[in-house]
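Q: Sharing structure.cif below, mmCIF, N, CA and C atoms:
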```
data_work
loop_
_atom_site.group_PDB
_atom_site.id
_atom_site.type_symbol
_atom_site.label_atom_id
_atom_site.label_comp_id
_atom_site.auth_asym_id
_atom_site.auth_seq_id
_atom_site.Cartn_x
_atom_site.Cartn_y
_atom_site.Cartn_z
ATOM 1 N N MET Q 1 -38.846 30.065 -67.696
ATOM 2 C CA MET Q 1 -39.449 28.751 -67.791
ATOM 3 C C MET Q 1 -38.508 27.722 -67.174
ATOM 4 N N TYR Q 2 -39.050 26.858 -66.314
ATOM 5 C CA TYR Q 2 -38.236 25.815 -65.703
ATOM 6 C C TYR Q 2 -39.053 24.536 -65.588
ATOM 7 N N ALA Q 3 -38.336 23.435 -65.319
ATOM 8 C CA ALA Q 3 -38.990 22.136 -65.177
ATOM 9 C C ALA Q 3 -38.224 21.308 -64.161
ATOM 10 N N ILE Q 4 -38.883 20.290 -63.647
ATOM 11 C CA ILE Q 4 -38.239 19.309 -62.791
ATOM 12 C C ILE Q 4 -38.320 17.974 -63.522
ATOM 13 N N ILE Q 5 -37.143 17.388 -63.796
ATOM 14 C CA ILE Q 5 -37.096 16.126 -64.530
ATOM 15 C C ILE Q 5 -36.543 15.027 -63.636
ATOM 16 N N GLU Q 6 -36.797 13.797 -64.049
ATOM 17 C CA GLU Q 6 -36.289 12.642 -63.312
ATOM 18 C C GLU Q 6 -35.408 11.824 -64.250
ATOM 19 N N THR Q 7 -34.173 11.548 -63.813
ATOM 20 C CA THR Q 7 -33.275 10.687 -64.565
ATOM 21 C C THR Q 7 -32.270 10.057 -63.609
ATOM 22 N N GLY Q 8 -31.970 8.810 -63.825
ATOM 23 C CA GLY Q 8 -30.999 8.116 -62.985
ATOM 24 C C GLY Q 8 -31.418 7.991 -61.535
ATOM 25 N N GLY Q 9 -32.741 7.979 -61.274
ATOM 26 C CA GLY Q 9 -33.224 7.856 -59.906
ATOM 27 C C GLY Q 9 -33.147 9.140 -59.102
ATOM 28 N N LYS Q 10 -32.822 10.262 -59.770
ATOM 29 C CA LYS Q 10 -32.721 11.551 -59.089
ATOM 30 C C LYS Q 10 -33.601 12.568 -59.800
ATOM 31 N N GLN Q 11 -33.894 13.666 -59.117
ATOM 32 C CA GLN Q 11 -34.699 14.729 -59.705
ATOM 33 C C GLN Q 11 -33.840 15.978 -59.834
ATOM 34 N N TYR Q 12 -34.008 16.690 -60.960
ATOM 35 C CA TYR Q 12 -33.207 17.877 -61.254
ATOM 36 C C TYR Q 12 -34.118 19.042 -61.634
ATOM 37 N N TRP Q 13 -33.826 20.221 -61.084
ATOM 38 C CA TRP Q 13 -34.510 21.473 -61.420
ATOM 39 C C TRP Q 13 -33.713 22.090 -62.559
ATOM 40 N N VAL Q 14 -34.325 22.229 -63.760
ATOM 41 C CA VAL Q 14 -33.585 22.682 -64.943
ATOM 42 C C VAL Q 14 -34.304 23.824 -65.634
ATOM 43 N N LYS Q 15 -33.517 24.641 -66.334
ATOM 44 C CA LYS Q 15 -34.050 25.648 -67.238
ATOM 45 C C LYS Q 15 -33.151 25.677 -68.462
ATOM 46 N N ALA Q 16 -33.602 26.293 -69.534
ATOM 47 C CA ALA Q 16 -32.846 26.303 -70.789
ATOM 48 C C ALA Q 16 -31.477 26.951 -70.576
ATOM 49 N N GLY Q 17 -30.435 26.313 -71.101
ATOM 50 C CA GLY Q 17 -29.080 26.832 -70.972
ATOM 51 C C GLY Q 17 -28.292 26.242 -69.816
ATOM 52 N N ASP Q 18 -28.947 25.517 -68.922
ATOM 53 C CA ASP Q 18 -28.247 24.909 -67.779
ATOM 54 C C ASP Q 18 -27.309 23.795 -68.238
ATOM 55 N N VAL Q 19 -26.178 23.677 -67.545
ATOM 56 C CA VAL Q 19 -25.245 22.572 -67.756
ATOM 57 C C VAL Q 19 -25.205 21.794 -66.450
ATOM 58 N N LEU Q 20 -25.470 20.487 -66.530
ATOM 59 C CA LEU Q 20 -25.463 19.699 -65.307
ATOM 60 C C LEU Q 20 -24.921 18.304 -65.563
ATOM 61 N N ARG Q 21 -24.536 17.656 -64.475
ATOM 62 C CA ARG Q 21 -23.997 16.297 -64.524
ATOM 63 C C ARG Q 21 -25.051 15.346 -63.987
ATOM 64 N N VAL Q 22 -25.385 14.333 -64.804
ATOM 65 C CA VAL Q 22 -26.376 13.333 -64.420
ATOM 66 C C VAL Q 22 -25.704 11.969 -64.437
ATOM 67 N N GLU Q 23 -26.414 10.955 -63.945
ATOM 68 C CA GLU Q 23 -25.900 9.593 -64.012
ATOM 69 C C GLU Q 23 -25.608 9.242 -65.466
ATOM 70 N N LYS Q 24 -24.613 8.384 -65.687
ATOM 71 C CA LYS Q 24 -24.141 8.091 -67.037
ATOM 72 C C LYS Q 24 -25.268 7.614 -67.955
ATOM 73 N N LEU Q 25 -25.347 8.238 -69.144
ATOM 74 C CA LEU Q 25 -26.352 7.906 -70.148
ATOM 75 C C LEU Q 25 -25.693 7.207 -71.334
ATOM 76 N N PRO Q 26 -26.400 6.289 -71.988
ATOM 77 C CA PRO Q 26 -25.834 5.601 -73.156
ATOM 78 C C PRO Q 26 -25.978 6.448 -74.414
ATOM 79 N N ALA Q 27 -25.257 7.564 -74.489
ATOM 80 C CA ALA Q 27 -25.318 8.462 -75.639
ATOM 81 C C ALA Q 27 -23.925 9.010 -75.914
ATOM 82 N N GLU Q 28 -23.653 9.312 -77.168
ATOM 83 C CA GLU Q 28 -22.359 9.852 -77.573
ATOM 84 C C GLU Q 28 -22.345 11.373 -77.406
ATOM 85 N N PRO Q 29 -21.160 11.977 -77.205
ATOM 86 C CA PRO Q 29 -21.071 13.437 -77.136
ATOM 87 C C PRO Q 29 -21.575 14.077 -78.430
ATOM 88 N N GLY Q 30 -22.367 15.148 -78.280
ATOM 89 C CA GLY Q 30 -22.965 15.826 -79.413
ATOM 90 C C GLY Q 30 -24.355 15.319 -79.756
ATOM 91 N N GLU Q 31 -24.745 14.212 -79.182
ATOM 92 C CA GLU Q 31 -26.054 13.607 -79.461
ATOM 93 C C GLU Q 31 -27.134 14.300 -78.629
ATOM 94 N N LYS Q 32 -28.353 14.358 -79.174
ATOM 95 C CA LYS Q 32 -29.495 14.925 -78.442
ATOM 96 C C LYS Q 32 -30.139 13.836 -77.590
ATOM 97 N N VAL Q 33 -30.549 14.222 -76.379
ATOM 98 C CA VAL Q 33 -31.218 13.312 -75.460
ATOM 99 C C VAL Q 33 -32.539 13.957 -75.063
ATOM 100 N N VAL Q 34 -33.613 13.158 -75.041
ATOM 101 C CA VAL Q 34 -34.934 13.672 -74.674
ATOM 102 C C VAL Q 34 -35.354 13.042 -73.350
ATOM 103 N N PHE Q 35 -35.680 13.891 -72.388
ATOM 104 C CA PHE Q 35 -36.183 13.435 -71.085
ATOM 105 C C PHE Q 35 -37.693 13.632 -71.089
ATOM 106 N N ASP Q 36 -38.440 12.523 -71.023
ATOM 107 C CA ASP Q 36 -39.897 12.632 -71.038
ATOM 108 C C ASP Q 36 -40.517 12.435 -69.658
ATOM 109 N N LYS Q 37 -39.691 12.124 -68.666
ATOM 110 C CA LYS Q 37 -40.186 12.009 -67.286
ATOM 111 C C LYS Q 37 -40.103 13.390 -66.629
ATOM 112 N N VAL Q 38 -41.067 14.239 -66.977
ATOM 113 C CA VAL Q 38 -41.121 15.609 -66.468
ATOM 114 C C VAL Q 38 -42.161 15.651 -65.360
ATOM 115 N N LEU Q 39 -41.728 16.028 -64.166
ATOM 116 C CA LEU Q 39 -42.614 16.028 -63.002
ATOM 117 C C LEU Q 39 -43.377 17.337 -62.848
ATOM 118 N N LEU Q 40 -42.773 18.455 -63.282
ATOM 119 C CA LEU Q 40 -43.375 19.774 -63.101
ATOM 120 C C LEU Q 40 -42.863 20.699 -64.190
ATOM 121 N N VAL Q 41 -43.735 21.587 -64.699
ATOM 122 C CA VAL Q 41 -43.342 22.589 -65.682
ATOM 123 C C VAL Q 41 -43.966 23.913 -65.285
ATOM 124 N N ASN Q 42 -43.150 24.972 -65.268
ATOM 125 C CA ASN Q 42 -43.637 26.331 -65.022
ATOM 126 C C ASN Q 42 -43.177 27.183 -66.192
ATOM 127 N N ASP Q 43 -44.156 27.746 -66.956
ATOM 128 C CA ASP Q 43 -43.812 28.576 -68.102
ATOM 129 C C ASP Q 43 -43.929 30.068 -67.808
ATOM 130 N N GLY Q 44 -44.035 30.435 -66.552
ATOM 131 C CA GLY Q 44 -44.140 31.836 -66.175
ATOM 132 C C GLY Q 44 -45.568 32.263 -65.904
ATOM 133 N N PHE Q 45 -46.524 31.599 -66.553
ATOM 134 C CA PHE Q 45 -47.938 31.928 -66.374
ATOM 135 C C PHE Q 45 -48.706 30.789 -65.727
ATOM 136 N N ASP Q 46 -48.340 29.584 -66.101
ATOM 137 C CA ASP Q 46 -49.097 28.412 -65.663
ATOM 138 C C ASP Q 46 -48.155 27.381 -65.065
ATOM 139 N N LEU Q 47 -48.563 26.794 -63.960
ATOM 140 C CA LEU Q 47 -47.789 25.742 -63.304
ATOM 141 C C LEU Q 47 -48.500 24.421 -63.539
ATOM 142 N N LYS Q 48 -47.801 23.478 -64.178
ATOM 143 C CA LYS Q 48 -48.389 22.167 -64.444
ATOM 144 C C LYS Q 48 -47.645 21.139 -63.608
ATOM 145 N N ILE Q 49 -48.398 20.414 -62.789
ATOM 146 C CA ILE Q 49 -47.831 19.381 -61.936
ATOM 147 C C ILE Q 49 -48.371 18.035 -62.412
ATOM 148 N N GLY Q 50 -47.472 17.093 -62.642
ATOM 149 C CA GLY Q 50 -47.877 15.781 -63.132
ATOM 150 C C GLY Q 50 -48.257 14.837 -62.019
ATOM 151 N N SER Q 51 -48.960 13.778 -62.423
ATOM 152 C CA SER Q 51 -49.290 12.742 -61.455
ATOM 153 C C SER Q 51 -49.071 11.368 -62.091
ATOM 154 N N PRO Q 52 -47.893 10.820 -62.169
ATOM 155 C CA PRO Q 52 -46.640 11.387 -61.693
ATOM 156 C C PRO Q 52 -45.930 12.277 -62.709
ATOM 157 N N TYR Q 53 -46.263 12.156 -64.024
ATOM 158 C CA TYR Q 53 -45.566 12.941 -65.040
ATOM 159 C C TYR Q 53 -46.540 13.843 -65.790
ATOM 160 N N VAL Q 54 -46.025 14.962 -66.317
ATOM 161 C CA VAL Q 54 -46.826 15.895 -67.104
ATOM 162 C C VAL Q 54 -46.984 15.312 -68.509
ATOM 163 N N GLU Q 55 -48.222 15.193 -68.970
ATOM 164 C CA GLU Q 55 -48.501 14.628 -70.291
ATOM 165 C C GLU Q 55 -47.986 15.547 -71.395
ATOM 166 N N GLY Q 56 -47.253 14.980 -72.347
ATOM 167 C CA GLY Q 56 -46.791 15.730 -73.516
ATOM 168 C C GLY Q 56 -45.611 16.651 -73.272
ATOM 169 N N ALA Q 57 -45.093 16.702 -72.066
ATOM 170 C CA ALA Q 57 -43.954 17.570 -71.769
ATOM 171 C C ALA Q 57 -42.657 16.809 -71.973
ATOM 172 N N LYS Q 58 -41.652 17.495 -72.496
ATOM 173 C CA LYS Q 58 -40.339 16.881 -72.643
ATOM 174 C C LYS Q 58 -39.255 17.939 -72.562
ATOM 175 N N VAL Q 59 -38.071 17.505 -72.175
ATOM 176 C CA VAL Q 59 -36.904 18.377 -72.076
ATOM 177 C C VAL Q 59 -35.848 17.818 -73.015
ATOM 178 N N VAL Q 60 -35.340 18.670 -73.912
ATOM 179 C CA VAL Q 60 -34.329 18.258 -74.884
ATOM 180 C C VAL Q 60 -32.975 18.782 -74.418
ATOM 181 N N ALA Q 61 -31.973 17.903 -74.427
ATOM 182 C CA ALA Q 61 -30.628 18.269 -73.988
ATOM 183 C C ALA Q 61 -29.603 17.705 -74.961
ATOM 184 N N THR Q 62 -28.398 18.294 -74.946
ATOM 185 C CA THR Q 62 -27.283 17.817 -75.756
ATOM 186 C C THR Q 62 -26.210 17.281 -74.831
ATOM 187 N N VAL Q 63 -25.664 16.111 -75.179
ATOM 188 C CA VAL Q 63 -24.598 15.511 -74.383
ATOM 189 C C VAL Q 63 -23.293 16.232 -74.705
ATOM 190 N N GLU Q 64 -22.647 16.770 -73.678
ATOM 191 C CA GLU Q 64 -21.366 17.457 -73.866
ATOM 192 C C GLU Q 64 -20.183 16.524 -73.665
ATOM 193 N N GLY Q 65 -20.343 15.500 -72.860
ATOM 194 C CA GLY Q 65 -19.243 14.565 -72.633
ATOM 195 C C GLY Q 65 -19.502 13.657 -71.448
ATOM 196 N N HIS Q 66 -18.573 12.728 -71.258
ATOM 197 C CA HIS Q 66 -18.635 11.786 -70.141
ATOM 198 C C HIS Q 66 -17.384 11.963 -69.284
ATOM 199 N N GLY Q 67 -17.473 11.532 -68.047
ATOM 200 C CA GLY Q 67 -16.311 11.613 -67.171
ATOM 201 C C GLY Q 67 -16.539 10.840 -65.896
ATOM 202 N N LYS Q 68 -15.596 11.012 -64.972
ATOM 203 C CA LYS Q 68 -15.700 10.390 -63.658
ATOM 204 C C LYS Q 68 -15.571 11.479 -62.596
ATOM 205 N N ALA Q 69 -16.345 11.330 -61.524
ATOM 206 C CA ALA Q 69 -16.310 12.294 -60.426
ATOM 207 C C ALA Q 69 -15.042 12.090 -59.607
ATOM 208 N N LYS Q 70 -14.842 12.955 -58.619
ATOM 209 C CA LYS Q 70 -13.684 12.810 -57.734
ATOM 210 C C LYS Q 70 -13.779 11.510 -56.956
ATOM 211 N N LYS Q 71 -12.631 10.983 -56.590
ATOM 212 C CA LYS Q 71 -12.588 9.711 -55.879
ATOM 213 C C LYS Q 71 -13.053 9.891 -54.437
ATOM 214 N N ILE Q 72 -13.868 8.933 -54.000
ATOM 215 C CA ILE Q 72 -14.228 8.867 -52.586
ATOM 216 C C ILE Q 72 -13.607 7.595 -52.019
ATOM 217 N N ILE Q 73 -13.294 7.620 -50.745
ATOM 218 C CA ILE Q 73 -12.662 6.482 -50.077
ATOM 219 C C ILE Q 73 -13.718 5.763 -49.240
ATOM 220 N N VAL Q 74 -13.829 4.448 -49.435
ATOM 221 C CA VAL Q 74 -14.713 3.612 -48.636
ATOM 222 C C VAL Q 74 -13.806 2.801 -47.712
ATOM 223 N N PHE Q 75 -13.920 3.025 -46.408
ATOM 224 C CA PHE Q 75 -13.040 2.371 -45.442
ATOM 225 C C PHE Q 75 -13.870 1.618 -44.429
ATOM 226 N N LYS Q 76 -13.698 0.294 -44.376
ATOM 227 C CA LYS Q 76 -14.376 -0.545 -43.398
ATOM 228 C C LYS Q 76 -13.370 -0.914 -42.318
ATOM 229 N N TYR Q 77 -13.832 -0.932 -41.065
ATOM 230 C CA TYR Q 77 -12.919 -1.130 -39.943
ATOM 231 C C TYR Q 77 -13.670 -1.749 -38.781
ATOM 232 N N LYS Q 78 -13.077 -2.788 -38.169
ATOM 233 C CA LYS Q 78 -13.631 -3.358 -36.947
ATOM 234 C C LYS Q 78 -12.544 -3.320 -35.885
ATOM 235 N N PRO Q 79 -12.815 -2.661 -34.776
ATOM 236 C CA PRO Q 79 -11.786 -2.521 -33.754
ATOM 237 C C PRO Q 79 -11.398 -3.859 -33.120
ATOM 238 N N LYS Q 80 -10.122 -3.985 -32.824
ATOM 239 C CA LYS Q 80 -9.531 -5.131 -32.104
ATOM 240 C C LYS Q 80 -9.581 -6.444 -32.875
ATOM 241 N N LYS Q 81 -9.981 -6.431 -34.125
ATOM 242 C CA LYS Q 81 -10.100 -7.665 -34.895
ATOM 243 C C LYS Q 81 -9.169 -7.700 -36.101
ATOM 244 N N ASN Q 82 -8.319 -6.696 -36.258
ATOM 245 C CA ASN Q 82 -7.378 -6.602 -37.380
ATOM 246 C C ASN Q 82 -8.104 -6.691 -38.724
ATOM 247 N N TYR Q 83 -9.282 -6.036 -38.819
ATOM 248 C CA TYR Q 83 -10.062 -6.028 -40.052
ATOM 249 C C TYR Q 83 -10.100 -4.603 -40.592
ATOM 250 N N ARG Q 84 -9.440 -4.404 -41.715
ATOM 251 C CA ARG Q 84 -9.434 -3.098 -42.365
ATOM 252 C C ARG Q 84 -9.516 -3.311 -43.868
ATOM 253 N N ARG Q 85 -10.444 -2.613 -44.534
ATOM 254 C CA ARG Q 85 -10.572 -2.701 -45.980
ATOM 255 C C ARG Q 85 -10.695 -1.281 -46.532
ATOM 256 N N LYS Q 86 -9.801 -0.928 -47.435
ATOM 257 C CA LYS Q 86 -9.834 0.400 -48.035
ATOM 258 C C LYS Q 86 -10.120 0.242 -49.523
ATOM 259 N N GLN Q 87 -11.091 0.994 -49.997
ATOM 260 C CA GLN Q 87 -11.483 0.899 -51.388
ATOM 261 C C GLN Q 87 -11.840 2.291 -51.894
ATOM 262 N N GLY Q 88 -11.480 2.594 -53.130
ATOM 263 C CA GLY Q 88 -11.831 3.867 -53.741
ATOM 264 C C GLY Q 88 -12.922 3.678 -54.776
ATOM 265 N N HIS Q 89 -13.656 4.765 -55.055
ATOM 266 C CA HIS Q 89 -14.724 4.698 -56.054
ATOM 267 C C HIS Q 89 -14.836 6.041 -56.775
ATOM 268 N N ARG Q 90 -14.946 5.984 -58.094
ATOM 269 C CA ARG Q 90 -15.189 7.182 -58.906
ATOM 270 C C ARG Q 90 -16.456 6.945 -59.720
ATOM 271 N N GLN Q 91 -17.492 7.731 -59.436
ATOM 272 C CA GLN Q 91 -18.795 7.556 -60.082
ATOM 273 C C GLN Q 91 -18.771 8.136 -61.493
ATOM 274 N N PRO Q 92 -19.156 7.360 -62.509
ATOM 275 C CA PRO Q 92 -19.221 7.899 -63.870
ATOM 276 C C PRO Q 92 -20.414 8.844 -64.027
ATOM 277 N N PHE Q 93 -20.273 9.873 -64.863
ATOM 278 C CA PHE Q 93 -21.349 10.825 -65.107
ATOM 279 C C PHE Q 93 -21.378 11.229 -66.574
ATOM 280 N N THR Q 94 -22.481 11.856 -66.971
ATOM 281 C CA THR Q 94 -22.638 12.451 -68.292
ATOM 282 C C THR Q 94 -22.955 13.917 -68.089
ATOM 283 N N GLN Q 95 -22.225 14.781 -68.760
ATOM 284 C CA GLN Q 95 -22.480 16.222 -68.669
ATOM 285 C C GLN Q 95 -23.384 16.611 -69.829
ATOM 286 N N ILE Q 96 -24.516 17.255 -69.492
ATOM 287 C CA ILE Q 96 -25.480 17.642 -70.515
ATOM 288 C C ILE Q 96 -25.762 19.133 -70.450
ATOM 289 N N LYS Q 97 -26.226 19.690 -71.576
ATOM 290 C CA LYS Q 97 -26.657 21.080 -71.634
ATOM 291 C C LYS Q 97 -28.118 21.088 -72.073
ATOM 292 N N ILE Q 98 -28.974 21.740 -71.287
ATOM 293 C CA ILE Q 98 -30.407 21.787 -71.571
ATOM 294 C C ILE Q 98 -30.647 22.763 -72.720
ATOM 295 N N GLU Q 99 -31.262 22.260 -73.792
ATOM 296 C CA GLU Q 99 -31.541 23.076 -74.977
ATOM 297 C C GLU Q 99 -32.922 23.740 -74.881
ATOM 298 N N SER Q 100 -33.960 22.939 -74.606
ATOM 299 C CA SER Q 100 -35.313 23.495 -74.594
ATOM 300 C C SER Q 100 -36.226 22.665 -73.702
ATOM 301 N N ILE Q 101 -37.309 23.330 -73.271
ATOM 302 C CA ILE Q 101 -38.365 22.686 -72.502
ATOM 303 C C ILE Q 101 -39.641 22.838 -73.326
ATOM 304 N N GLU Q 102 -40.258 21.721 -73.686
ATOM 305 C CA GLU Q 102 -41.446 21.750 -74.532
ATOM 306 C C GLU Q 102 -42.644 21.174 -73.779
ATOM 307 N N VAL Q 103 -43.772 21.877 -73.888
ATOM 308 C CA VAL Q 103 -44.994 21.418 -73.223
ATOM 309 C C VAL Q 103 -46.021 21.033 -74.282
#
```
Represent the structure contained in this file as structure tokens.
A:
Amino acid sequence: MYAIIETGGKQYWVKAGDVLRVEKLPAEPGEKVVFDKVLLVNDGFDLKIGSPYVEGAKVVATVEGHGKAKKIIVFKYKPKKNYRRKQGHRQPFTQIKIESIEV
């Protein structure tokens, strides 16, 4: 059984037991999070596609923790004008574990 959910402006293909990193959520570690924006559910026999979301479907996950991704460098440069700007960025994330998919 798998589903496609939407969170943080992105779509994720998930199944029970998966551990994934999503955009930072306002939840504490150990807390349950319910994703109700389910775009597609396949239970092995039937494929349900939402328009845009599947009615009554939800994905339950547990928050494992928060963190920051690896640093990326943002470098702006204009030739011959002595313009250089270097900036780093670390995107915050929430690590979750998918507990169940309910239809």
Q: Pick the closest to Trp13 of chain Q from Q:Leu25, Q:Val41, Q:Val63, Q:Val34: which is it, counting only C-alpha atoms?
A: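 The answer is Q:Val41, which sits nearest to Trp13 of chain Q.
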Q: Give me, as a ChimeraX atom specification, all polymer residues having an atom no more than 5 Å from Ile72 of chain Q, counting all atoms listed in the file and skipping those fewer than 2 positions away in the same chain.
A: /Q:70,74,88-89
Q: Output the residue selection produced by the PyMOL selection byres (((chain Q and resi 22 and name CA) around 7) and name CA) on the file above, formatted as a PDB file with N, CA and C atoms, keeping the file's coordinate frame.
A:
```
ATOM      1  N   LEU Q  20     -25.470  20.487 -66.530  1.00  0.00           N
ATOM      2  CA  LEU Q  20     -25.463  19.699 -65.307  1.00  0.00           C
ATOM      3  C   LEU Q  20     -24.921  18.304 -65.563  1.00  0.00           C
ATOM      4  N   ARG Q  21     -24.536  17.656 -64.475  1.00  0.00           N
ATOM      5  CA  ARG Q  21     -23.997  16.297 -64.524  1.00  0.00           C
ATOM      6  C   ARG Q  21     -25.051  15.346 -63.987  1.00  0.00           C
ATOM      7  N   GLU Q  23     -26.414  10.955 -63.945  1.00  0.00           N
ATOM      8  CA  GLU Q  23     -25.900   9.593 -64.012  1.00  0.00           C
ATOM      9  C   GLU Q  23     -25.608   9.242 -65.466  1.00  0.00           C
ATOM     10  N   LYS Q  24     -24.613   8.384 -65.687  1.00  0.00           N
ATOM     11  CA  LYS Q  24     -24.141   8.091 -67.037  1.00  0.00           C
ATOM     12  C   LYS Q  24     -25.268   7.614 -67.955  1.00  0.00           C
ATOM     13  N   PHE Q  93     -20.273   9.873 -64.863  1.00  0.00           N
ATOM     14  CA  PHE Q  93     -21.349  10.825 -65.107  1.00  0.00           C
ATOM     15  C   PHE Q  93     -21.378  11.229 -66.574  1.00  0.00           C
ATOM     16  N   THR Q  94     -22.481  11.856 -66.971  1.00  0.00           N
ATOM     17  CA  THR Q  94     -22.638  12.451 -68.292  1.00  0.00           C
ATOM     18  C   THR Q  94     -22.955  13.917 -68.089  1.00  0.00           C
ATOM     19  N   GLN Q  95     -22.225  14.781 -68.760  1.00  0.00           N
ATOM     20  CA  GLN Q  95     -22.480  16.222 -68.669  1.00  0.00           C
ATOM     21  C   GLN Q  95     -23.384  16.611 -69.829  1.00  0.00           C
TER      22      GLN Q  95
END
```
Q: Determine the nearest neighbour of Ala61 of chain Q from the options Q:Asn42, Q:Gln91, Q:Thr7, Q:Ser100, counting all atoms listed in the file.
A: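 The answer is Q:Ser100, which sits nearest to Ala61 of chain Q.
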Q: What does the distance from atom CA of Gly44 of chain Q to atom CA of Lys97 of chain Q come to in Å, to one decimal?
A: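 We find that atom CA of Gly44 of chain Q and atom CA of Lys97 of chain Q lie 21.2 Å from each other.
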Q: Counting all atoms listed in the file, which residue out of Q:Glu55, Q:Glu6, Q:Asp18, Q:Glu102 sits closest to Lys37 of chain Q?
A: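 Ranking Q:Glu55, Q:Glu6, Q:Asp18, Q:Glu102 by distance to Lys37 of chain Q, first place goes to Q:Glu6.
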Q: Neighbouring residues of Thr62 of chain Q were defined as those with any atom within 5 Å, considering only N, CA and C atoms; residues of the same chain fewer than 4 positions away were excluded. Please report them as a PyMOL selection string.
A: chain Q and resi 31-33+96-97
Q: Using DSSP on the backbone coordinates, identify the residues of chain Q assigned to strand (DSSP E or B); present them as JSON, numbers by chain.
A: {"Q": [2, 3, 4, 5, 6, 7, 10, 11, 12, 13, 14, 15, 19, 20, 21, 22, 23, 32, 33, 34, 35, 38, 39, 40, 41, 42, 47, 48, 49, 58, 59, 60, 61, 62, 63, 64, 65, 66, 67, 68, 72, 73, 74, 75, 76, 77, 78, 83, 84, 85, 86, 87, 88, 89, 92, 93, 94, 95, 96, 97, 98, 99, 100, 101, 102]}
Q: Extract, using only C-alpha atoms, all DNA, RNA and protein residues at most 9 Å from Lys86 of chain Q, discarding same-chain residues fewer than 5 positions from it, and format them as a PyMOL selection string.
A: chain Q and resi 73-77
Q: Counting only C-alpha atoms, which of Q:Ile101, Q:Val19, Q:Arg85, Q:Pro92 gets nearest to Ala69 of chain Q?
A: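 Using only C-alpha atoms, Ala69 of chain Q sits closest to Q:Pro92.
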Q: Can you turn the PyMOL selection byres ((chain Q and resi 40) around 6.5) into a concrete residue list for this file, as a ChimeraX atom specification?
A: /Q:2-5,38-39,41-42,48-50,53-54
Q: Nearest to Ala57 of chain Q: which of Q:Tyr12, Q:Phe35, Q:Tyr83, Q:Phe45 is it, counting only N, CA and C atoms?
A: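 When distances to Ala57 of chain Q are compared using only N, CA and C atoms, the smallest one comes from Q:Phe35.
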Q: So, with only C-alpha atoms as the atoms that count, which of Q:Met1, Q:Lys80, Q:Arg90, Q:Lys10 lies closest to Lys68 of chain Q?
A: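 For Lys68 of chain Q, the nearest of the given residues is Q:Arg90.
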Q: I'd like the box whose edges run along x, y and z of the file and which contains every listed atom of segment 10-13 of chain Q, padded by 5 Å per side; could you state its centre and edge lengths in Å, one decimal, as lines of an AutoDock Vina configuration file?
A:
```
center_x = -33.7
center_y = 16.2
center_z = -60.8
size_x = 12.0
size_y = 21.8
size_z = 13.5
```
